[in-house]
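Trainee: Got a structure for you, written out below as structure tokens; questions coming shortly.
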Amino acid sequence: MNEFQLSKRLEKVASFVATDSRVADIGSDHAYLIVSLMTQGKIEYGVAGEVVKGPFQSAVEQIKKSGYFGKIHARLASGLDAIHSEDGIDTVVIAGMGGVLIRDILSDGFQKGKLEGVKTLILQPNVGEMQVREWLIDHGFQVEEEAILIENDKIYEIIKAVTSPSPVQANSRQLRFGFHLLEEKNEVFVEKWKRELETAEFVSRKLKEAKTPNPEKELEIASTISEIKEVLS
Ligand code: SAM
């Protein structure tokens, strides 16, 4: 992978970015995504935020090499602190992290007013998609598009959310399985939930064999198993 040839996962993330957006990519690592968006002529301004010095340095080098030094700003900062009000950012991308970390980054930034003016969030949690969707619904966003794909035998979900003019309702099934993904139920979705079912059944067996019973956890896992089975049936 490089700035000219993104991974299939980052390619899909990039496809969710609207033309002429002003994008902040948080946790940019090597900055491939933002440089690629600029190279494609898709964005006019970008911020690459990174909290760790090593990846931040590689983002700086990548941006210098690309010739977009004045148009893409690399910032060593935690989460949405990388965004300054004068950037006029309208789209935030957070990809390749756990859902709980993504949620915490969004919460912290929301409290600091960093999402004022942001219309679109493009999020790719590696796990914990449910926590991300819960946060979105609770903070005035609606899920506009979702994608699920498999790359190197790993399954990834990508969520594009936009600010909603009115409160959005969601049930637990939509939060767990995805609004659009649940409607579509494509092959990768079925594969993901077969794998999740296997894991849940394994956990359930282990809980039943355990010396110390944990009835609460057993009930929780039993309900997850029956929900997955219903969705797959
Ligand atoms: N976004 C890229 C992608 O999807 O390929 C890189 C993903 S990499 C696994 C996660 C990156 O997020 C790492 O470079 C890590 O240092 C950075 N990161 C983790 N927590 C962060 C935070 N609170 N603020 C900014 N960057 C963070």
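Chains: A, B, ... in order of the structure tokens. Residues: from 1 per chain. Ligands: from 1, in order shown.
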Pick out the residues no farther than 10 Å from ligand 1, counting only C-alpha atoms and all ligand atoms, and list them as a ChimeraX atom specification.
Mentor: /A:1,6-7,9-10,13,25-34,48-56,58-59,75-82,93-98,101-102,104-106,108,123-126
Trainee: Where in stretch 96-133 of chain A does DSSP assign strand (DSSP E or B), given as a PDB file with all heavy atoms, in the first residue's frame?
Mentor:
ATOM      1  N   GLY A  96      -9.331   2.545  11.237  1.00  0.00           N
ATOM      2  CA  GLY A  96      -8.308   1.597  11.689  1.00  0.00           C
ATOM      3  C   GLY A  96      -8.084   1.555  13.184  1.00  0.00           C
ATOM      4  O   GLY A  96      -7.006   1.179  13.639  1.00  0.00           O
ATOM      5  N   MET A  97      -9.072   1.981  13.965  1.00  0.00           N
ATOM      6  CA  MET A  97      -8.954   1.908  15.437  1.00  0.00           C
ATOM      7  C   MET A  97     -10.168   1.154  15.979  1.00  0.00           C
ATOM      8  O   MET A  97     -11.144   0.956  15.262  1.00  0.00           O
ATOM      9  CB  MET A  97      -9.007   3.304  16.065  1.00  0.00           C
ATOM     10  CG  MET A  97      -7.920   4.229  15.633  1.00  0.00           C
ATOM     11  SD  MET A  97      -8.157   5.816  16.471  1.00  0.00           S
ATOM     12  CE  MET A  97      -7.300   6.872  15.352  1.00  0.00           C
ATOM     13  N   THR A 120     -19.968  15.674   8.169  1.00  0.00           N
ATOM     14  CA  THR A 120     -19.833  14.249   7.823  1.00  0.00           C
ATOM     15  C   THR A 120     -18.738  13.578   8.636  1.00  0.00           C
ATOM     16  O   THR A 120     -17.649  14.129   8.788  1.00  0.00           O
ATOM     17  CB  THR A 120     -19.471  14.126   6.312  1.00  0.00           C
ATOM     18  OG1 THR A 120     -20.447  14.840   5.564  1.00  0.00           O
ATOM     19  CG2 THR A 120     -19.433  12.689   5.848  1.00  0.00           C
ATOM     20  N   LEU A 121     -19.061  12.389   9.128  1.00  0.00           N
ATOM     21  CA  LEU A 121     -18.062  11.566   9.822  1.00  0.00           C
ATOM     22  C   LEU A 121     -17.928  10.259   9.047  1.00  0.00           C
ATOM     23  O   LEU A 121     -18.945   9.616   8.744  1.00  0.00           O
ATOM     24  CB  LEU A 121     -18.524  11.250  11.248  1.00  0.00           C
ATOM     25  CG  LEU A 121     -18.739  12.433  12.199  1.00  0.00           C
ATOM     26  CD1 LEU A 121     -19.333  11.942  13.528  1.00  0.00           C
ATOM     27  CD2 LEU A 121     -17.429  13.166  12.456  1.00  0.00           C
ATOM     28  N   ILE A 122     -16.707   9.896   8.720  1.00  0.00           N
ATOM     29  CA  ILE A 122     -16.482   8.621   8.033  1.00  0.00           C
ATOM     30  C   ILE A 122     -15.619   7.778   8.966  1.00  0.00           C
ATOM     31  O   ILE A 122     -14.470   8.128   9.252  1.00  0.00           O
ATOM     32  CB  ILE A 122     -15.827   8.840   6.656  1.00  0.00           C
ATOM     33  CG1 ILE A 122     -16.754   9.709   5.806  1.00  0.00           C
ATOM     34  CG2 ILE A 122     -15.542   7.500   5.969  1.00  0.00           C
ATOM     35  CD1 ILE A 122     -16.151  10.235   4.545  1.00  0.00           C
ATOM     36  N   LEU A 123     -16.205   6.700   9.467  1.00  0.00           N
ATOM     37  CA  LEU A 123     -15.583   5.961  10.557  1.00  0.00           C
ATOM     38  C   LEU A 123     -15.394   4.502  10.175  1.00  0.00           C
ATOM     39  O   LEU A 123     -16.304   3.880   9.601  1.00  0.00           O
ATOM     40  CB  LEU A 123     -16.477   6.060  11.804  1.00  0.00           C
ATOM     41  CG  LEU A 123     -16.887   7.509  12.167  1.00  0.00           C
ATOM     42  CD1 LEU A 123     -17.968   7.512  13.239  1.00  0.00           C
ATOM     43  CD2 LEU A 123     -15.687   8.323  12.620  1.00  0.00           C
ATOM     44  N   GLN A 124     -14.217   3.979  10.469  1.00  0.00           N
ATOM     45  CA  GLN A 124     -13.965   2.566  10.171  1.00  0.00           C
ATOM     46  C   GLN A 124     -13.394   1.918  11.419  1.00  0.00           C
ATOM     47  O   GLN A 124     -12.185   1.834  11.600  1.00  0.00           O
ATOM     48  CB  GLN A 124     -13.017   2.439   8.966  1.00  0.00           C
ATOM     49  CG  GLN A 124     -12.754   0.998   8.511  1.00  0.00           C
ATOM     50  CD  GLN A 124     -11.522   0.433   9.203  1.00  0.00           C
ATOM     51  OE1 GLN A 124     -10.432   0.956   9.059  1.00  0.00           O
ATOM     52  NE2 GLN A 124     -11.692  -0.668   9.966  1.00  0.00           N
ATOM     53  N   PRO A 125     -14.307   1.490  12.323  1.00  0.00           N
ATOM     54  CA  PRO A 125     -13.831   0.796  13.523  1.00  0.00           C
ATOM     55  C   PRO A 125     -13.423  -0.634  13.179  1.00  0.00           C
ATOM     56  O   PRO A 125     -14.097  -1.286  12.389  1.00  0.00           O
ATOM     57  CB  PRO A 125     -15.071   0.795  14.432  1.00  0.00           C
ATOM     58  CG  PRO A 125     -16.243   1.063  13.549  1.00  0.00           C
ATOM     59  CD  PRO A 125     -15.764   1.667  12.270  1.00  0.00           C
TER      60      PRO A 125
END
Trainee: Which neighbours of A:Phe141 fall inside 10 Å, counting only C-alpha atoms, when residues of the same chain fewer than 4 positions from it are skipped, and could you give them as an mmCIF file with N, CA and C atoms, in the first residue's frame?
Mentor:
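Wrote it out as result-v9.cif, contents follow:
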data_model
loop_
_atom_site.group_PDB
_atom_site.id
_atom_site.type_symbol
_atom_site.label_atom_id
_atom_site.label_comp_id
_atom_site.auth_asym_id
_atom_site.auth_seq_id
_atom_site.Cartn_x
_atom_site.Cartn_y
_atom_site.Cartn_z
ATOM 1 N N LYS A 119 -19.964 18.239 9.061
ATOM 2 C CA LYS A 119 -21.243 17.694 8.576
ATOM 3 C C LYS A 119 -21.185 16.176 8.412
ATOM 4 N N THR A 120 -19.968 15.674 8.169
ATOM 5 C CA THR A 120 -19.833 14.249 7.823
ATOM 6 C C THR A 120 -18.738 13.578 8.636
ATOM 7 N N LEU A 121 -19.061 12.389 9.128
ATOM 8 C CA LEU A 121 -18.062 11.566 9.822
ATOM 9 C C LEU A 121 -17.928 10.259 9.047
ATOM 10 N N ARG A 133 -22.060 3.417 16.485
ATOM 11 C CA ARG A 133 -23.414 3.794 16.020
ATOM 12 C C ARG A 133 -24.217 4.413 17.167
ATOM 13 N N GLU A 134 -24.077 3.857 18.368
ATOM 14 C CA GLU A 134 -24.793 4.414 19.533
ATOM 15 C C GLU A 134 -24.410 5.879 19.730
ATOM 16 N N TRP A 135 -23.108 6.141 19.669
ATOM 17 C CA TRP A 135 -22.639 7.527 19.874
ATOM 18 C C TRP A 135 -23.233 8.439 18.792
ATOM 19 N N LEU A 136 -23.205 7.984 17.562
ATOM 20 C CA LEU A 136 -23.693 8.809 16.443
ATOM 21 C C LEU A 136 -25.153 9.196 16.664
ATOM 22 N N ILE A 137 -25.976 8.203 17.001
ATOM 23 C CA ILE A 137 -27.415 8.451 17.173
ATOM 24 C C ILE A 137 -27.654 9.396 18.359
ATOM 25 N N LYS A 160 -20.641 5.904 7.222
ATOM 26 C CA LYS A 160 -20.659 7.341 6.890
ATOM 27 C C LYS A 160 -21.890 7.955 7.552
ATOM 28 N N ALA A 161 -21.656 8.936 8.423
ATOM 29 C CA ALA A 161 -22.769 9.566 9.135
ATOM 30 C C ALA A 161 -22.791 11.053 8.822
ATOM 31 N N VAL A 162 -23.985 11.596 8.767
ATOM 32 C CA VAL A 162 -24.136 13.027 8.500
ATOM 33 C C VAL A 162 -25.019 13.637 9.586
ATOM 34 N N THR A 163 -24.881 14.939 9.806
ATOM 35 C CA THR A 163 -25.696 15.587 10.836
ATOM 36 C C THR A 163 -27.162 15.482 10.423
ATOM 37 N N SER A 164 -27.997 15.213 11.415
ATOM 38 C CA SER A 164 -29.412 15.027 11.113
ATOM 39 C C SER A 164 -30.208 16.230 11.633
ATOM 40 N N PRO A 165 -31.161 16.739 10.848
ATOM 41 C CA PRO A 165 -31.955 17.873 11.307
ATOM 42 C C PRO A 165 -32.911 17.499 12.443
ATOM 43 N N SER A 166 -33.260 16.217 12.538
ATOM 44 C CA SER A 166 -34.194 15.805 13.607
ATOM 45 C C SER A 166 -33.639 14.562 14.317
ATOM 46 N N PRO A 167 -34.109 14.307 15.557
ATOM 47 C CA PRO A 167 -33.582 13.142 16.292
ATOM 48 C C PRO A 167 -33.821 11.836 15.524
ATOM 49 N N VAL A 168 -32.863 10.939 15.613
ATOM 50 C CA VAL A 168 -32.943 9.670 14.876
ATOM 51 C C VAL A 168 -33.267 8.550 15.865
#
Trainee: Please report the interatomic distance between atom CA of A:Val47 and atom CA of A:Tyr156 in Å with one decimal.
Mentor: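 Separating atom CA of A:Val47 from atom CA of A:Tyr156 is a distance of 23.9 Å.
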Trainee: Excluding stretch 178-195 of chain A and any residue of its chain fewer than 4 positions from it, enumerate the residues within 8 Å of it, using only C-alpha atoms, and give them as a PyMOL selection string.
Mentor: chain A and resi 130+133+143+145-150+155+173-174+199+228+232
Trainee: So that I can check the surroundings of A:Gly113, please list as a list in words every protein, DNA and RNA residue that reaches within 12 Å of it, counting only C-alpha atoms and ignoring chain neighbours fewer than 2 positions away.
Mentor: Leu80, Asp81, Ile83, His84, Ser85, Leu106, Ser107, Asp108, Gly109, Phe110, Gln111, Leu115, Glu116, Gly117 and Val118 of chain A
Trainee: Could the residues in this selection be saved with all heavy atoms as a JSON list (two decimals), in the first residue's frame?
Mentor:
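Saved to again07.json:
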[["chain", "number", "residue", "atom", "x", "y", "z"],
["A", 80, "LEU", "N", -9.34, 14.92, 18.12],
["A", 80, "LEU", "CA", -9.82, 16.07, 17.35],
["A", 80, "LEU", "C", -9.13, 17.38, 17.74],
["A", 80, "LEU", "O", -9.42, 18.43, 17.16],
["A", 80, "LEU", "CB", -11.34, 16.21, 17.49],
["A", 80, "LEU", "CG", -12.19, 14.98, 17.10],
["A", 80, "LEU", "CD1", -13.66, 15.34, 17.01],
["A", 80, "LEU", "CD2", -11.73, 14.33, 15.80],
["A", 81, "ASP", "N", -8.17, 17.32, 18.69],
["A", 81, "ASP", "CA", -7.36, 18.51, 18.99],
["A", 81, "ASP", "C", -6.57, 18.93, 17.75],
["A", 81, "ASP", "O", -6.09, 20.07, 17.68],
["A", 81, "ASP", "CB", -6.38, 18.23, 20.14],
["A", 81, "ASP", "CG", -7.08, 18.14, 21.49],
["A", 81, "ASP", "OD1", -8.28, 18.46, 21.55],
["A", 81, "ASP", "OD2", -6.43, 17.74, 22.47],
["A", 83, "ILE", "N", -7.73, 19.52, 14.99],
["A", 83, "ILE", "CA", -8.56, 20.42, 14.17],
["A", 83, "ILE", "C", -8.56, 21.82, 14.78],
["A", 83, "ILE", "O", -8.86, 21.99, 15.96],
["A", 83, "ILE", "CB", -10.01, 19.88, 14.09],
["A", 83, "ILE", "CG1", -10.02, 18.47, 13.47],
["A", 83, "ILE", "CG2", -10.91, 20.82, 13.31],
["A", 83, "ILE", "CD1", -11.40, 17.81, 13.45],
["A", 84, "HIS", "N", -8.25, 22.83, 13.98],
["A", 84, "HIS", "CA", -8.32, 24.23, 14.42],
["A", 84, "HIS", "C", -9.54, 24.86, 13.74],
["A", 84, "HIS", "O", -9.87, 24.51, 12.60],
["A", 84, "HIS", "CB", -7.05, 25.00, 14.01],
["A", 84, "HIS", "CG", -5.79, 24.41, 14.58],
["A", 84, "HIS", "ND1", -4.53, 24.78, 14.18],
["A", 84, "HIS", "CD2", -5.60, 23.45, 15.55],
["A", 84, "HIS", "CE1", -3.62, 24.11, 14.86],
["A", 84, "HIS", "NE2", -4.25, 23.28, 15.68],
["A", 85, "SER", "N", -10.16, 25.83, 14.40],
["A", 85, "SER", "CA", -11.41, 26.38, 13.84],
["A", 85, "SER", "C", -11.18, 26.98, 12.45],
["A", 85, "SER", "O", -12.02, 26.87, 11.56],
["A", 85, "SER", "CB", -12.05, 27.38, 14.79],
["A", 85, "SER", "OG", -11.14, 28.41, 15.06],
["A", 106, "LEU", "N", -14.39, 11.00, 19.57],
["A", 106, "LEU", "CA", -15.52, 11.84, 19.14],
["A", 106, "LEU", "C", -16.13, 12.58, 20.34],
["A", 106, "LEU", "O", -16.42, 13.77, 20.28],
["A", 106, "LEU", "CB", -16.60, 11.00, 18.44],
["A", 106, "LEU", "CG", -16.22, 10.44, 17.07],
["A", 106, "LEU", "CD1", -17.27, 9.44, 16.59],
["A", 106, "LEU", "CD2", -16.05, 11.56, 16.04],
["A", 107, "SER", "N", -16.30, 11.87, 21.46],
["A", 107, "SER", "CA", -16.89, 12.47, 22.65],
["A", 107, "SER", "C", -16.06, 13.63, 23.16],
["A", 107, "SER", "O", -16.58, 14.72, 23.46],
["A", 107, "SER", "CB", -16.98, 11.45, 23.79],
["A", 107, "SER", "OG", -18.10, 10.67, 23.61],
["A", 108, "ASP", "N", -14.76, 13.39, 23.24],
["A", 108, "ASP", "CA", -13.84, 14.43, 23.73],
["A", 108, "ASP", "C", -13.89, 15.66, 22.79],
["A", 108, "ASP", "O", -14.01, 16.79, 23.26],
["A", 108, "ASP", "CB", -12.42, 13.83, 23.79],
["A", 108, "ASP", "CG", -11.40, 14.83, 24.28],
["A", 108, "ASP", "OD1", -11.51, 15.22, 25.44],
["A", 108, "ASP", "OD2", -10.52, 15.23, 23.49],
["A", 109, "GLY", "N", -13.84, 15.40, 21.50],
["A", 109, "GLY", "CA", -13.88, 16.49, 20.52],
["A", 109, "GLY", "C", -15.21, 17.23, 20.53],
["A", 109, "GLY", "O", -15.26, 18.46, 20.41],
["A", 110, "PHE", "N", -16.28, 16.48, 20.71],
["A", 110, "PHE", "CA", -17.63, 17.06, 20.75],
["A", 110, "PHE", "C", -17.72, 18.05, 21.92],
["A", 110, "PHE", "O", -18.19, 19.18, 21.76],
["A", 110, "PHE", "CB", -18.65, 15.94, 20.92],
["A", 110, "PHE", "CG", -20.09, 16.38, 20.82],
["A", 110, "PHE", "CD1", -20.71, 16.49, 19.57],
["A", 110, "PHE", "CD2", -20.82, 16.67, 21.96],
["A", 110, "PHE", "CE1", -22.04, 16.89, 19.48],
["A", 110, "PHE", "CE2", -22.14, 17.07, 21.87],
["A", 110, "PHE", "CZ", -22.76, 17.18, 20.63],
["A", 111, "GLN", "N", -17.22, 17.61, 23.08],
["A", 111, "GLN", "CA", -17.25, 18.48, 24.27],
["A", 111, "GLN", "C", -16.43, 19.74, 24.07],
["A", 111, "GLN", "O", -16.75, 20.79, 24.62],
["A", 111, "GLN", "CB", -16.71, 17.72, 25.48],
["A", 111, "GLN", "CG", -17.77, 16.85, 26.13],
["A", 111, "GLN", "CD", -17.17, 15.85, 27.09],
["A", 111, "GLN", "OE1", -16.07, 16.05, 27.63],
["A", 111, "GLN", "NE2", -17.86, 14.75, 27.30],
["A", 115, "LEU", "N", -16.44, 19.59, 16.71],
["A", 115, "LEU", "CA", -17.28, 19.09, 15.62],
["A", 115, "LEU", "C", -18.23, 20.16, 15.08],
["A", 115, "LEU", "O", -19.04, 19.87, 14.20],
["A", 115, "LEU", "CB", -18.05, 17.84, 16.09],
["A", 115, "LEU", "CG", -17.20, 16.58, 16.28],
["A", 115, "LEU", "CD1", -18.02, 15.44, 16.84],
["A", 115, "LEU", "CD2", -16.56, 16.15, 14.96],
["A", 116, "GLU", "N", -18.08, 21.39, 15.60],
["A", 116, "GLU", "CA", -18.93, 22.47, 15.06],
["A", 116, "GLU", "C", -18.51, 22.71, 13.61],
["A", 116, "GLU", "O", -17.33, 22.86, 13.31],
["A", 116, "GLU", "CB", -18.75, 23.75, 15.89],
["A", 116, "GLU", "CG", -19.62, 23.71, 17.15],
["A", 116, "GLU", "CD", -19.17, 24.69, 18.21],
["A", 116, "GLU", "OE1", -18.58, 25.72, 17.86],
["A", 116, "GLU", "OE2", -19.40, 24.38, 19.40],
["A", 117, "GLY", "N", -19.48, 22.68, 12.71],
["A", 117, "GLY", "CA", -19.16, 22.86, 11.29],
["A", 117, "GLY", "C", -18.88, 21.55, 10.57],
["A", 117, "GLY", "O", -18.80, 21.50, 9.35],
["A", 118, "VAL", "N", -18.70, 20.48, 11.34],
["A", 118, "VAL", "CA", -18.46, 19.17, 10.71],
["A", 118, "VAL", "C", -19.80, 18.56, 10.34],
["A", 118, "VAL", "O", -20.68, 18.40, 11.19],
["A", 118, "VAL", "CB", -17.65, 18.23, 11.65],
["A", 118, "VAL", "CG1", -17.57, 16.83, 11.08],
["A", 118, "VAL", "CG2", -16.26, 18.81, 11.87]]
Trainee: Taking the DSSP assignment computed from this structure's backbone, write out as a list in words all residues of stretch 44-86 of chain A that belong to alpha helix (DSSP H).
Mentor: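 Matching residues for alpha helix (DSSP H) in stretch 44-86 of chain A are Lys53, Gly54, Pro55, Phe56, Gln57, Ser58, Ala59, Val60, Glu61, Gln62, Ile63, Lys64, Lys65 and Ser66 of chain A.
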Trainee: For the residues in the current selection, export N, CA, C and O atoms as a compact mmCIF listing (two decimals), in the first residue's frame.
Mentor:
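This went into result.txt:
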# COMPACT_ATOMS: atom_id res chain seq x y z
N LYS A 53 4.67 10.14 17.75
CA LYS A 53 5.71 10.88 17.00
C LYS A 53 6.20 10.18 15.72
O LYS A 53 6.36 10.83 14.70
N GLY A 54 6.44 8.85 15.81
CA GLY A 54 6.97 8.11 14.65
C GLY A 54 6.05 8.23 13.43
O GLY A 54 6.46 8.72 12.37
N PRO A 55 4.78 7.80 13.57
CA PRO A 55 3.84 7.94 12.45
C PRO A 55 3.66 9.41 12.02
O PRO A 55 3.53 9.69 10.82
N PHE A 56 3.70 10.33 12.99
CA PHE A 56 3.56 11.75 12.64
C PHE A 56 4.71 12.16 11.70
O PHE A 56 4.48 12.81 10.69
N GLN A 57 5.94 11.74 12.05
CA GLN A 57 7.10 12.07 11.21
C GLN A 57 6.93 11.48 9.82
O GLN A 57 7.24 12.12 8.82
N SER A 58 6.40 10.24 9.76
CA SER A 58 6.25 9.62 8.43
C SER A 58 5.15 10.33 7.64
O SER A 58 5.24 10.46 6.42
N ALA A 59 4.14 10.89 8.35
CA ALA A 59 3.11 11.69 7.65
C ALA A 59 3.75 12.97 7.09
O ALA A 59 3.51 13.34 5.93
N VAL A 60 4.61 13.61 7.90
CA VAL A 60 5.27 14.84 7.45
C VAL A 60 6.09 14.55 6.18
O VAL A 60 6.00 15.29 5.19
N GLU A 61 6.86 13.46 6.21
CA GLU A 61 7.70 13.09 5.06
C GLU A 61 6.84 12.82 3.83
O GLU A 61 7.14 13.25 2.72
N GLN A 62 5.77 12.08 4.05
CA GLN A 62 4.87 11.71 2.95
C GLN A 62 4.26 12.96 2.30
O GLN A 62 4.16 13.07 1.08
N ILE A 63 3.86 13.91 3.15
CA ILE A 63 3.23 15.14 2.64
C ILE A 63 4.25 15.97 1.88
O ILE A 63 3.97 16.49 0.80
N LYS A 64 5.48 16.04 2.44
CA LYS A 64 6.56 16.79 1.75
C LYS A 64 6.81 16.18 0.38
O LYS A 64 6.88 16.88 -0.63
N LYS A 65 6.92 14.84 0.35
CA LYS A 65 7.21 14.11 -0.89
C LYS A 65 6.12 14.36 -1.93
O LYS A 65 6.38 14.45 -3.12
N SER A 66 4.88 14.49 -1.44
CA SER A 66 3.75 14.62 -2.36
C SER A 66 3.66 16.03 -2.98
O SER A 66 3.00 16.23 -3.99
Trainee: Could you check the closest approach to A:Ile158 for each of A:Gly99, A:Asp90, A:Gly140, A:Pro215 and tell me which residue wins, using only C-alpha atoms?
Mentor: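 Answer, going by the shortest atom-to-atom distance: A:Gly99.
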Trainee: Between A:Glu151, A:Tyr68, A:Ser21, A:Glu129, which residue has the minimum interatomic distance to A:Ile89, considering only C-alpha atoms?
Mentor: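 The closest residue to A:Ile89 is A:Ser21.
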Trainee: Between atom CA of A:Ile72 and atom CA of A:Lys112, what is the distance, to one decimal in Å?
Mentor: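 Separation of atom CA of A:Ile72 and atom CA of A:Lys112: 22.8 Å.
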Trainee: Any idea what the distance is between atom CA of A:Glu157 and atom CA of A:Leu197?
Mentor: 17.1 Å
Trainee: Please identify all polymer residues within 9 Å of A:Glu218, counting only C-alpha atoms, omitting same-chain residues fewer than 3 positions from it, and present them as an mmCIF file with N, CA, C and O atoms, in the first residue's frame.
Mentor:
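Resulting contents of part_11.cif:
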data_model
loop_
_atom_site.group_PDB
_atom_site.id
_atom_site.type_symbol
_atom_site.label_atom_id
_atom_site.label_comp_id
_atom_site.auth_asym_id
_atom_site.auth_seq_id
_atom_site.Cartn_x
_atom_site.Cartn_y
_atom_site.Cartn_z
ATOM 1 N N VAL A 203 -17.890 -18.981 23.486
ATOM 2 C CA VAL A 203 -17.908 -18.295 24.797
ATOM 3 C C VAL A 203 -19.005 -18.895 25.676
ATOM 4 O O VAL A 203 -18.807 -19.149 26.869
ATOM 5 N N SER A 204 -20.160 -19.157 25.072
ATOM 6 C CA SER A 204 -21.284 -19.710 25.819
ATOM 7 C C SER A 204 -20.914 -21.079 26.417
ATOM 8 O O SER A 204 -21.192 -21.364 27.585
ATOM 9 N N LEU A 207 -18.552 -20.612 29.303
ATOM 10 C CA LEU A 207 -19.246 -20.084 30.493
ATOM 11 C C LEU A 207 -19.979 -21.207 31.220
ATOM 12 O O LEU A 207 -19.987 -21.272 32.455
ATOM 13 N N LYS A 208 -20.581 -22.125 30.429
ATOM 14 C CA LYS A 208 -21.325 -23.235 31.035
ATOM 15 C C LYS A 208 -20.395 -24.196 31.754
ATOM 16 O O LYS A 208 -20.771 -24.790 32.764
ATOM 17 N N PRO A 213 -20.229 -19.990 38.255
ATOM 18 C CA PRO A 213 -21.262 -19.605 37.284
ATOM 19 C C PRO A 213 -21.386 -18.081 37.155
ATOM 20 O O PRO A 213 -21.167 -17.349 38.114
ATOM 21 N N ASN A 214 -21.723 -17.652 35.952
ATOM 22 C CA ASN A 214 -21.919 -16.219 35.698
ATOM 23 C C ASN A 214 -23.237 -16.076 34.916
ATOM 24 O O ASN A 214 -23.232 -15.901 33.694
ATOM 25 N N PRO A 215 -24.380 -16.224 35.640
ATOM 26 C CA PRO A 215 -25.667 -16.284 34.950
ATOM 27 C C PRO A 215 -25.977 -15.036 34.119
ATOM 28 O O PRO A 215 -26.577 -15.142 33.050
ATOM 29 N N ILE A 221 -25.040 -13.587 26.557
ATOM 30 C CA ILE A 221 -24.483 -14.261 25.373
ATOM 31 C C ILE A 221 -25.579 -15.081 24.670
ATOM 32 O O ILE A 221 -25.619 -15.157 23.445
ATOM 33 N N ALA A 222 -26.505 -15.645 25.481
ATOM 34 C CA ALA A 222 -27.609 -16.407 24.880
ATOM 35 C C ALA A 222 -28.481 -15.474 24.030
ATOM 36 O O ALA A 222 -28.935 -15.843 22.934
ATOM 37 N N SER A 223 -28.683 -14.269 24.518
ATOM 38 C CA SER A 223 -29.525 -13.341 23.750
ATOM 39 C C SER A 223 -28.798 -12.883 22.473
ATOM 40 O O SER A 223 -29.408 -12.743 21.411
#
